[in-house]
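**Student:** Data file input.tsv (TSV, C-alpha atoms) is appended below.
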```
chain	number	residue	atom	x	y	z
W	1	MET	CA	174.85	36.11	291.51
W	2	ARG	CA	172.79	38.99	292.92
W	3	PRO	CA	175.83	41.30	293.44
W	4	LEU	CA	176.89	40.54	289.85
W	5	PHE	CA	173.41	41.50	288.62
W	6	ASN	CA	173.52	44.76	290.64
W	7	LEU	CA	176.98	45.50	289.25
W	8	LEU	CA	175.73	44.89	285.69
W	9	CYS	CA	172.75	47.22	286.27
W	10	CYS	CA	175.06	49.92	287.59
W	11	PHE	CA	177.34	49.48	284.57
W	12	LEU	CA	174.40	49.77	282.13
W	13	LEU	CA	173.09	52.80	284.03
W	14	CYS	CA	176.49	54.47	283.76
W	15	LEU	CA	176.48	53.82	280.02
W	16	SER	CA	172.97	55.22	279.61
W	17	ILE	CA	173.72	58.47	281.42
W	18	PRO	CA	176.21	59.85	278.86
W	19	LEU	CA	174.09	58.53	275.99
W	20	SER	CA	170.98	60.22	277.38
W	21	SER	CA	173.02	63.34	278.07
W	22	GLN	CA	174.34	63.26	274.49
W	23	VAL	CA	170.81	63.01	273.06
W	24	LYS	CA	169.66	65.95	275.20
W	25	ASN	CA	172.75	67.92	274.21
W	26	ASP	CA	172.11	67.24	270.50
W	27	LYS	CA	168.49	68.40	270.83
W	28	SER	CA	169.67	71.53	272.63
W	29	GLU	CA	172.22	72.25	269.89
W	30	ILE	CA	169.63	71.70	267.13
W	31	LYS	CA	167.23	74.10	268.89
W	32	ARG	CA	169.99	76.71	269.25
W	33	ALA	CA	170.97	76.34	265.58
W	34	ASN	CA	167.34	76.81	264.52
W	35	ASP	CA	166.91	79.83	266.79
W	36	ILE	CA	169.89	81.68	265.30
W	37	LEU	CA	169.34	80.54	261.71
W	38	TYR	CA	168.66	84.06	260.37
W	39	GLU	CA	170.56	85.98	263.04
W	40	ASN	CA	173.81	84.03	262.72
W	41	PRO	CA	173.61	81.52	259.83
W	42	ASN	CA	177.35	80.80	259.98
W	43	GLU	CA	177.02	79.49	263.54
W	44	SER	CA	173.98	77.39	262.55
W	45	ILE	CA	176.03	75.83	259.73
W	46	LYS	CA	178.88	75.10	262.14
W	47	ILE	CA	176.55	73.39	264.66
W	48	ALA	CA	174.69	71.31	262.06
W	49	SER	CA	177.94	70.24	260.35
W	50	ALA	CA	179.35	69.04	263.69
W	51	LEU	CA	176.19	67.05	264.47
W	52	LEU	CA	176.21	65.45	261.00
W	53	LYS	CA	179.54	63.71	261.64
W	54	ASN	CA	178.04	61.18	264.07
W	55	GLU	CA	174.39	61.09	262.93
W	56	LYS	CA	173.10	57.87	261.32
W	57	ASN	CA	169.32	58.31	261.51
W	58	THR	CA	167.94	59.03	258.00
W	59	ASP	CA	165.39	61.63	259.11
W	60	LYS	CA	167.84	63.46	261.37
W	61	VAL	CA	170.49	63.51	258.64
W	62	ALA	CA	167.91	64.97	256.21
W	63	ASN	CA	166.87	67.64	258.74
W	64	LEU	CA	170.48	68.66	259.37
W	65	TYR	CA	171.18	68.97	255.64
W	66	MET	CA	168.02	71.08	255.28
W	67	MET	CA	169.12	73.30	258.15
W	68	ILE	CA	172.49	73.91	256.48
W	69	SER	CA	170.78	74.58	253.14
W	70	THR	CA	168.37	77.07	254.75
W	71	ALA	CA	171.26	78.81	256.54
W	72	TYR	CA	173.01	79.28	253.19
W	73	ILE	CA	169.75	80.66	251.75
W	74	ALA	CA	169.75	83.18	254.63
W	75	LYS	CA	173.23	84.18	253.42
W	76	ARG	CA	171.95	84.07	249.80
W	77	ASP	CA	174.75	81.64	248.98
W	78	ILE	CA	172.54	79.76	246.52
W	79	ASP	CA	175.26	77.44	245.22
W	80	SER	CA	176.15	76.04	248.67
W	81	SER	CA	172.46	75.84	249.56
W	82	LEU	CA	171.74	73.87	246.38
W	83	TYR	CA	174.65	71.51	247.10
W	84	PHE	CA	173.32	70.55	250.54
W	85	ILE	CA	169.63	70.31	249.63
W	86	MET	CA	170.44	68.01	246.71
W	87	LYS	CA	172.01	65.62	249.24
W	88	THR	CA	168.51	65.11	250.69
W	89	THR	CA	166.59	64.49	247.45
W	90	ASN	CA	167.66	60.83	247.27
W	91	LEU	CA	165.99	60.32	250.65
W	92	ILE	CA	162.54	61.04	249.15
W	93	ASN	CA	162.45	57.46	247.86
W	94	SER	CA	163.96	56.02	251.05
W	95	ASP	CA	162.34	54.83	254.27
W	96	ALA	CA	162.33	58.39	255.65
W	97	LEU	CA	159.19	59.57	257.41
W	98	LEU	CA	156.47	61.13	255.25
W	99	LYS	CA	156.83	64.45	257.11
W	100	THR	CA	160.58	64.46	256.42
W	101	LYS	CA	159.92	63.95	252.70
W	102	ILE	CA	157.46	66.87	252.75
W	103	ARG	CA	160.06	69.09	254.44
W	104	ILE	CA	162.64	68.10	251.83
W	105	LEU	CA	160.29	69.02	248.98
W	106	ASN	CA	159.37	72.31	250.69
W	107	THR	CA	163.04	73.22	251.06
W	108	VAL	CA	163.78	72.25	247.44
W	109	SER	CA	160.86	74.40	246.25
W	110	VAL	CA	162.28	77.40	248.15
W	111	GLN	CA	165.66	76.68	246.56
W	112	TYR	CA	164.19	76.75	243.05
W	113	GLN	CA	162.19	79.89	243.88
W	114	GLN	CA	165.38	81.64	245.01
W	115	MET	CA	167.06	80.59	241.74
W	116	GLN	CA	164.05	82.00	239.81
W	117	LEU	CA	163.29	78.53	238.41
W	118	TYR	CA	159.60	79.09	239.03
W	119	ASP	CA	158.23	76.18	236.98
W	120	LYS	CA	160.49	73.75	238.86
W	121	SER	CA	159.46	75.32	242.16
W	122	LEU	CA	155.74	74.98	241.38
W	123	GLU	CA	156.28	71.40	240.20
W	124	THR	CA	158.02	70.58	243.50
W	125	LEU	CA	155.24	72.27	245.50
W	126	ASP	CA	152.72	70.08	243.67
W	127	LYS	CA	154.70	66.98	244.71
W	128	ALA	CA	154.80	68.21	248.31
W	129	LYS	CA	151.03	68.72	248.17
W	130	GLU	CA	150.52	65.11	247.05
W	131	PHE	CA	152.46	63.97	250.12
W	132	TYR	CA	150.88	66.20	252.75
W	133	LEU	CA	147.38	65.32	251.54
W	134	LYS	CA	148.21	61.76	252.66
W	135	LEU	CA	148.46	63.00	256.26
W	136	PRO	CA	145.35	62.60	258.47
W	137	PRO	CA	142.96	65.61	258.24
W	138	ASN	CA	143.47	66.37	261.95
W	139	ASP	CA	147.28	66.37	261.68
W	140	LYS	CA	148.57	69.87	262.51
W	141	SER	CA	151.45	69.63	260.05
W	142	ARG	CA	148.97	69.09	257.20
W	143	ASN	CA	147.56	72.63	257.64
W	144	TYR	CA	151.04	74.05	258.26
W	145	ASN	CA	152.37	72.61	255.00
W	146	PHE	CA	149.30	73.78	253.11
W	147	GLU	CA	149.91	77.40	254.19
W	148	PHE	CA	153.67	77.13	253.70
W	149	ASN	CA	152.85	75.99	250.17
W	150	ASN	CA	150.65	79.09	249.77
W	151	MET	CA	153.46	81.33	251.03
W	152	ILE	CA	155.96	80.07	248.42
W	153	ARG	CA	153.35	80.20	245.64
W	154	GLY	CA	152.64	83.80	246.66
W	155	MET	CA	156.33	84.68	246.31
W	156	ILE	CA	156.41	83.13	242.84
W	157	TYR	CA	153.27	84.99	241.72
W	158	ARG	CA	154.74	88.25	243.03
W	159	SER	CA	157.97	87.62	241.07
W	160	GLN	CA	155.83	86.95	237.98
W	161	SER	CA	154.19	90.40	238.38
W	162	ASN	CA	150.85	89.03	239.53
W	163	PRO	CA	150.31	90.89	242.84
W	164	GLU	CA	146.58	90.10	243.07
W	165	MET	CA	147.13	86.33	243.00
W	166	ALA	CA	150.13	86.70	245.32
W	167	LEU	CA	148.08	88.67	247.87
W	168	GLU	CA	145.39	85.99	247.83
W	169	LYS	CA	147.95	83.34	248.80
W	170	PHE	CA	149.76	85.58	251.30
W	171	SER	CA	146.53	86.61	253.06
W	172	GLN	CA	145.55	82.98	253.64
W	173	ALA	CA	149.02	82.04	254.88
W	174	VAL	CA	149.55	85.00	257.24
W	175	GLU	CA	146.12	84.54	258.83
W	176	TYR	CA	147.05	80.94	259.65
W	177	PHE	CA	150.57	81.70	260.95
W	178	LYS	CA	149.30	84.48	263.22
W	179	LYS	CA	147.11	81.94	265.03
W	180	LEU	CA	150.11	79.75	265.89
W	181	PRO	CA	152.33	80.22	268.98
W	182	GLN	CA	154.78	83.00	268.20
W	183	THR	CA	158.06	81.12	268.03
W	184	LYS	CA	161.06	82.70	266.32
W	185	ALA	CA	160.56	80.53	263.24
W	186	ASN	CA	156.88	81.44	263.03
W	187	SER	CA	157.55	85.16	263.52
W	188	SER	CA	160.13	84.91	260.71
W	189	ASN	CA	157.53	83.38	258.38
W	190	ILE	CA	155.03	86.13	259.22
W	191	SER	CA	157.63	88.86	258.63
W	192	VAL	CA	158.56	87.40	255.22
W	193	ILE	CA	154.90	87.26	254.17
W	194	LEU	CA	154.15	90.82	255.35
W	195	TYR	CA	157.28	92.11	253.58
W	196	ASN	CA	156.11	90.56	250.31
W	197	MET	CA	152.59	91.90	250.83
W	198	GLY	CA	154.08	95.38	251.23
W	199	TYR	CA	155.67	95.15	247.78
W	200	CYS	CA	152.48	93.74	246.26
W	201	TYR	CA	150.54	96.81	247.44
W	202	MET	CA	153.28	99.10	246.12
W	203	GLU	CA	152.98	97.41	242.71
W	204	LEU	CA	149.24	98.14	242.90
W	205	ASN	CA	150.06	101.82	243.68
W	206	GLN	CA	148.63	101.49	247.20
W	207	ASN	CA	151.66	102.90	249.00
W	208	SER	CA	149.91	103.61	252.30
W	209	LYS	CA	148.95	99.93	252.60
W	210	GLY	CA	152.47	98.99	251.57
W	211	LYS	CA	153.87	101.15	254.37
W	212	PHE	CA	151.59	99.45	256.91
W	213	TYR	CA	152.72	95.95	255.92
W	214	PHE	CA	156.41	96.87	255.87
W	215	THR	CA	156.07	98.34	259.38
W	216	GLU	CA	154.39	95.12	260.57
W	217	ALA	CA	157.13	93.07	258.88
W	218	ILE	CA	159.79	95.01	260.84
W	219	LYS	CA	157.94	94.29	264.09
W	220	TYR	CA	157.77	90.53	263.48
W	221	GLY	CA	161.34	90.41	262.17
W	222	HIS	CA	162.48	92.03	265.43
W	223	LEU	CA	160.39	89.56	267.47
W	224	ALA	CA	162.07	86.71	265.59
W	225	ASP	CA	165.48	88.21	266.42
W	226	ALA	CA	166.28	87.55	262.75
W	227	LYS	CA	168.73	90.19	261.52
W	228	SER	CA	168.44	89.44	257.80
W	229	ILE	CA	164.63	89.34	257.85
W	230	GLU	CA	164.38	92.57	259.85
W	231	ALA	CA	166.92	94.18	257.50
W	232	TYR	CA	164.81	93.20	254.47
W	233	ALA	CA	161.72	94.69	256.11
W	234	LEU	CA	163.60	97.93	256.86
W	235	LYS	CA	164.75	98.06	253.24
W	236	GLY	CA	161.15	97.60	252.09
W	237	LEU	CA	159.88	100.46	254.24
W	238	SER	CA	162.79	102.69	253.16
W	239	GLU	CA	161.87	102.05	249.51
W	240	ASN	CA	158.29	103.00	250.29
W	241	LEU	CA	159.52	106.25	251.87
W	242	TYR	CA	161.83	106.92	248.91
W	243	VAL	CA	158.92	106.60	246.47
W	244	ASN	CA	157.06	109.16	248.59
W	245	HIS	CA	160.11	111.53	248.46
W	246	GLU	CA	160.88	111.12	252.19
W	247	TYR	CA	164.61	110.79	251.55
W	248	THR	CA	166.01	111.60	255.00
W	249	GLU	CA	163.71	109.08	256.72
W	250	SER	CA	164.52	106.50	254.04
W	251	LEU	CA	168.28	106.91	254.56
W	252	GLY	CA	167.85	106.58	258.33
W	253	LEU	CA	166.17	103.19	257.92
W	254	LEU	CA	168.76	102.08	255.37
W	255	ASP	CA	171.55	102.81	257.87
W	256	LYS	CA	169.78	100.51	260.36
W	257	ALA	CA	169.31	97.83	257.69
W	258	ASP	CA	172.97	98.09	256.67
W	259	HIS	CA	174.08	97.69	260.30
W	260	LEU	CA	171.96	94.53	260.70
W	261	ALA	CA	173.11	93.09	257.36
W	262	LYS	CA	176.85	93.50	258.01
W	263	SER	CA	177.34	90.06	259.59
W	264	ILE	CA	174.99	88.15	257.25
W	265	GLY	CA	176.82	88.23	253.93
W	266	ASP	CA	173.62	88.40	251.86
W	267	LEU	CA	174.70	89.88	248.52
W	268	VAL	CA	171.12	90.48	247.33
W	269	LEU	CA	170.23	92.33	250.54
W	270	ASN	CA	173.41	94.41	250.48
W	271	GLU	CA	172.91	95.29	246.82
W	272	GLY	CA	169.31	96.36	247.51
W	273	ILE	CA	170.36	98.54	250.45
W	274	TYR	CA	173.22	100.24	248.58
W	275	LYS	CA	171.15	100.78	245.44
W	276	LEU	CA	168.48	102.56	247.50
W	277	MET	CA	171.14	104.60	249.29
W	278	ALA	CA	172.57	105.68	245.92
W	279	ASN	CA	169.09	106.66	244.67
W	280	ASN	CA	168.36	108.65	247.82
W	281	TYR	CA	171.67	110.52	247.64
W	282	LEU	CA	171.08	111.24	243.96
W	283	ALA	CA	167.66	112.69	244.85
W	284	ILE	CA	169.22	115.09	247.39
W	285	ASN	CA	172.13	115.95	245.04
W	286	ASN	CA	174.85	114.37	247.17
W	287	TRP	CA	177.04	113.29	244.25
W	288	GLY	CA	179.94	111.98	246.34
W	289	LYS	CA	177.77	109.52	248.33
W	290	TYR	CA	175.82	108.64	245.18
W	291	GLN	CA	179.04	107.66	243.36
W	292	PHE	CA	180.35	105.71	246.36
W	293	TYR	CA	177.22	103.56	246.75
W	294	SER	CA	176.86	103.13	242.98
W	295	ASP	CA	180.38	101.67	242.92
W	296	GLU	CA	179.45	99.35	245.82
W	297	VAL	CA	176.39	98.16	243.89
W	298	LEU	CA	178.55	97.40	240.84
W	299	LYS	CA	181.01	95.34	242.94
W	300	LEU	CA	178.17	93.37	244.51
W	301	LYS	CA	176.56	92.76	241.12
W	302	GLN	CA	179.81	91.29	239.77
W	303	GLU	CA	180.27	89.08	242.84
W	304	LYS	CA	176.63	87.97	242.67
W	305	GLU	CA	176.90	87.13	238.95
W	306	LYS	CA	179.87	84.85	239.68
W	307	LYS	CA	177.94	83.01	242.39
W	308	ASP	CA	174.80	82.82	240.25
W	309	GLN	CA	176.82	81.33	237.38
W	310	LYS	CA	178.31	78.77	239.77
W	311	SER	CA	174.81	77.84	240.99
W	312	LEU	CA	173.52	77.61	237.43
W	313	ASN	CA	176.41	75.35	236.44
W	314	ARG	CA	175.70	73.08	239.40
W	315	TYR	CA	171.99	73.00	238.51
W	316	ILE	CA	172.77	72.18	234.86
W	317	LYS	CA	175.08	69.38	236.02
W	318	ILE	CA	172.34	67.98	238.27
W	319	GLN	CA	169.76	68.22	235.48
W	320	SER	CA	172.15	66.52	233.04
W	321	SER	CA	172.68	63.72	235.54
W	322	GLU	CA	168.92	63.33	236.03
W	323	ASN	CA	168.31	63.37	232.27
W	324	GLN	CA	171.06	60.80	231.73
W	325	GLU	CA	169.48	58.58	234.37
W	326	LYS	CA	166.07	58.93	232.68
W	327	THR	CA	167.67	58.14	229.30
W	328	ASN	CA	169.39	55.06	230.72
W	329	ASN	CA	166.11	53.90	232.27
W	330	ALA	CA	164.32	54.46	228.95
W	331	ILE	CA	167.02	52.50	227.07
W	332	THR	CA	166.77	49.66	229.61
W	333	LYS	CA	162.98	49.55	229.22
W	334	PHE	CA	163.31	49.70	225.43
W	335	ASN	CA	165.76	46.77	225.47
W	336	ILE	CA	163.40	44.78	227.69
W	337	TYR	CA	160.50	45.51	225.33
W	338	GLN	CA	162.67	44.44	222.37
W	339	LEU	CA	163.53	41.16	224.09
W	340	LEU	CA	159.86	40.55	224.90
W	341	ILE	CA	158.82	41.30	221.31
W	342	LEU	CA	161.59	39.02	220.00
W	343	GLY	CA	160.52	36.28	222.39
W	344	PHE	CA	156.86	36.55	221.40
W	345	SER	CA	157.87	36.64	217.71
W	346	LEU	CA	159.90	33.43	218.07
W	347	LEU	CA	157.03	31.75	219.89
W	348	ALA	CA	154.62	32.86	217.14
W	349	ILE	CA	156.96	31.55	214.42
W	350	LEU	CA	157.36	28.22	216.24
W	351	PHE	CA	153.60	27.99	216.63
W	352	LEU	CA	153.06	28.69	212.90
W	353	VAL	CA	155.75	26.20	211.84
W	354	ARG	CA	154.27	23.57	214.12
W	355	SER	CA	150.77	24.29	212.80
W	356	PHE	CA	152.05	24.13	209.23
W	357	LEU	CA	153.83	20.80	209.77
W	358	SER	CA	150.84	19.42	211.64
W	359	ASN	CA	148.48	20.48	208.83
W	360	LYS	CA	150.87	19.08	206.21
W	361	LYS	CA	151.01	15.75	208.03
W	362	GLY	CA	147.22	15.76	208.40
W	363	ASN	CA	146.75	16.53	204.70
W	364	LYS	CA	149.14	13.75	203.71
W	365	LEU	CA	147.28	11.28	205.92
W	366	LEU	CA	143.96	12.42	204.50
W	367	LYS	CA	145.32	12.04	200.95
W	368	ASN	CA	146.49	8.49	201.69
W	369	ASN	CA	143.09	7.59	203.14
W	370	ILE	CA	141.32	8.95	200.08
W	371	GLU	CA	143.65	7.03	197.75
W	372	GLN	CA	143.01	3.82	199.71
W	373	LEU	CA	139.24	4.33	199.44
W	374	ILE	CA	139.50	4.91	195.69
W	375	ASN	CA	141.66	1.81	195.21
W	376	SER	CA	139.28	-0.33	197.29
W	377	ASP	CA	136.27	0.76	195.17
W	378	GLN	CA	138.07	-0.30	192.01
```
Can you dump the structure from the file as C-alpha cells?

**Tutor:**
Amino acid sequence: MRPLFNLLCCFLLCLSIPLSSQVKNDKSEIKRANDILYENPNESIKIASALLKNEKNTDKVANLYMMISTAYIAKRDIDSSLYFIMKTTNLINSDALLKTKIRILNTVSVQYQQMQLYDKSLETLDKAKEFYLKLPPNDKSRNYNFEFNNMIRGMIYRSQSNPEMALEKFSQAVEYFKKLPQTKANSSNISVILYNMGYCYMELNQNSKGKFYFTEAIKYGHLADAKSIEAYALKGLSENLYVNHEYTESLGLLDKADHLAKSIGDLVLNEGIYKLMANNYLAINNWGKYQFYSDEVLKLKQEKEKKDQKSLNRYIKIQSSENQEKTNNAITKFNIYQLLILGFSLLAILFLVRSFLSNKKGNKLLKNNIEQLINSDQ
C-alpha cells in the first residue's frame, strides 16, 4: 500500500510541475505584454489574445480584454478598442472582484474620453468613484484610482478648453504618481500628465512653463520605454518651439518623433507630426516639403475619418442595444404594474359586491324583523 501511495504522490507531483510552470509562464507573459504595451502594442495584443484562449477566471479574462483594449488605444484604433472593452462591461454585474470592476470602468472612461464622448466619460468616472470609495481607506488602490480619476478628468477639462481646472486635477495626480515606484506603467502615466500640462500652459500663454513640462514628459516617456508616449511628448515640445519661431529645432524633434511613431500606427499622432512639419516648412518657405506633408495629413485625415465613423457606428449600435434593453425592462415593469392594478381592482370590485350583497341581505332581514314587530303589535 505504501509504494502505491508514494507512486500516487509522485504522479500528482509530476502533474503539478507543468501546471505550476504554466501559471508562472502566464504571469511572465502578462508582465511582458504590459511592459511593451506602448512600445509594441501589436505584440501585447498577440500575447493577450493567446492567453485568452485557455483562460476561464472571470477577473483574468476581464484584465486580458482590458489589456487588448488599451493596446488598441495606444494604436489609436478606437473601434477595435471599443469592441474589446465592451466585452468586459457585462462583468461589472458579475462576481468579479471589486478592483476588477473599477479597472473596467476606468478603461471604459478612457475609451469614451478618446471618442470625445465627455459626458459619458464623466458619468463612467462617477460610477468608478462609487466603487473605489467602497475600498478600505488604507487600501493603496483606493488612492491610485482616485488620482487616475483626476488624470482622466483633467484630460476632459483640457479638451473642453478649461486649462485652469485641468491643471488643478493634473497637479494632484502627478504629485501622487511621482511618489510611487517608477515602473514603466507609472512613468507612462506621469509622462501623459506632464504632456497635457504642457499644452495647458501653452493655452494660458505661458510658453516657458509649457516647454518645461514637455521636456519632463519626454524624460518620463523615455524612462517608460514607451515609443508612442515619448513621440507625443516630442511633438508637444516641437509645437512649443514652432510657436516661438524656432523652426529648425522644432523639425529636429519632429524627425525623432516620426522615427518613434513609425511602428505604432497611431493615426492621430502621425497626423499631428506631419501637420507640424508642414507648418514648419511653410514658415521657412520650403514649398516642396510643405506640399508633401500637407498631402500626408490629408491622407491620414481621410483614413482617420473612416475609422472614426466605424467607431461611431459601433457605439450607436451599442447604445441602441442598451436603450432597447431599457425599453424592454420598462415594458415588462409596466405590464407587471398593469397586472397588479387589475388584480387589486378585481379584489376591490369583489369586496364591494360582497359588501353590497351582505348589506342587502342585512337590510332584508331588518325589514322582515320590523314587519314582524308591527304585525305582533296589531

**Student:** May I ask which of the residues W:Tyr65, W:Tyr201, W:Tyr247, W:Tyr72 is the closest one to W:Asn162, counting only C-alpha atoms?

**Tutor:**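 For W:Asn162, the nearest of the candidates is W:Tyr201.
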
**Student:** Quick one: pull the distance between atom CA of W:Ser191 and atom CA of W:Arg32, Å, one decimal.

**Tutor:**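 Computing it gives 20.3 Å between the two atoms.
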
**Student:** Pick out the closest residue to W:Thr124 from this set: W:Ile102, W:Ala71, W:Asn143, W:Glu29. Count all atoms listed in the file.

**Tutor:** W:Ile102

**Student:** Which one of W:Asp266, W:Ile68, W:Asn106, W:Glu39 sits closest to W:Ser188 if you count all atoms listed in the file?

**Tutor:**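 Ranked by minimum distance to W:Ser188, first place goes to W:Glu39.
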
**Student:** Could you tell me how far atom CA of W:Ala261 lies from atom CA of W:Ile156, in Å and to one decimal?

**Tutor:**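 Atom-to-atom, atom CA of W:Ala261 and atom CA of W:Ile156 are spaced 24.3 Å apart.
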
**Student:** Find the residues with any atom within 7 Å of (170.7, 61.5, 267.0); use all atoms listed in the file and the coordinates as given in the file, and write the answer as a list in words.

**Tutor:**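 These residues have at least one counted atom within 7 Å: Val23, Asp26, Glu55, Asn57 and Lys60 of chain W.
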
**Student:** Between atom CA of W:Thr70 and atom CA of W:Lys31, what is the spacing in Å?

**Tutor:** 14.5 Å

**Student:** Is it possible to get the residues within 9 Å of (149.0, 87.8, 248.5) (coordinates as in the file, counting only C-alpha atoms) written as number ranges by chain?

**Tutor:** W: 150-151, 154-155, 157-158, 163-173, 193, 196-197, 200

**Student:** Point out the residue among W:Asn149, W:Gln160, W:Ser208, W:Ser44 with the least atom-to-atom distance to W:Val174, counting all atoms listed in the file.

**Tutor:**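 The closest residue to W:Val174 is W:Asn149.
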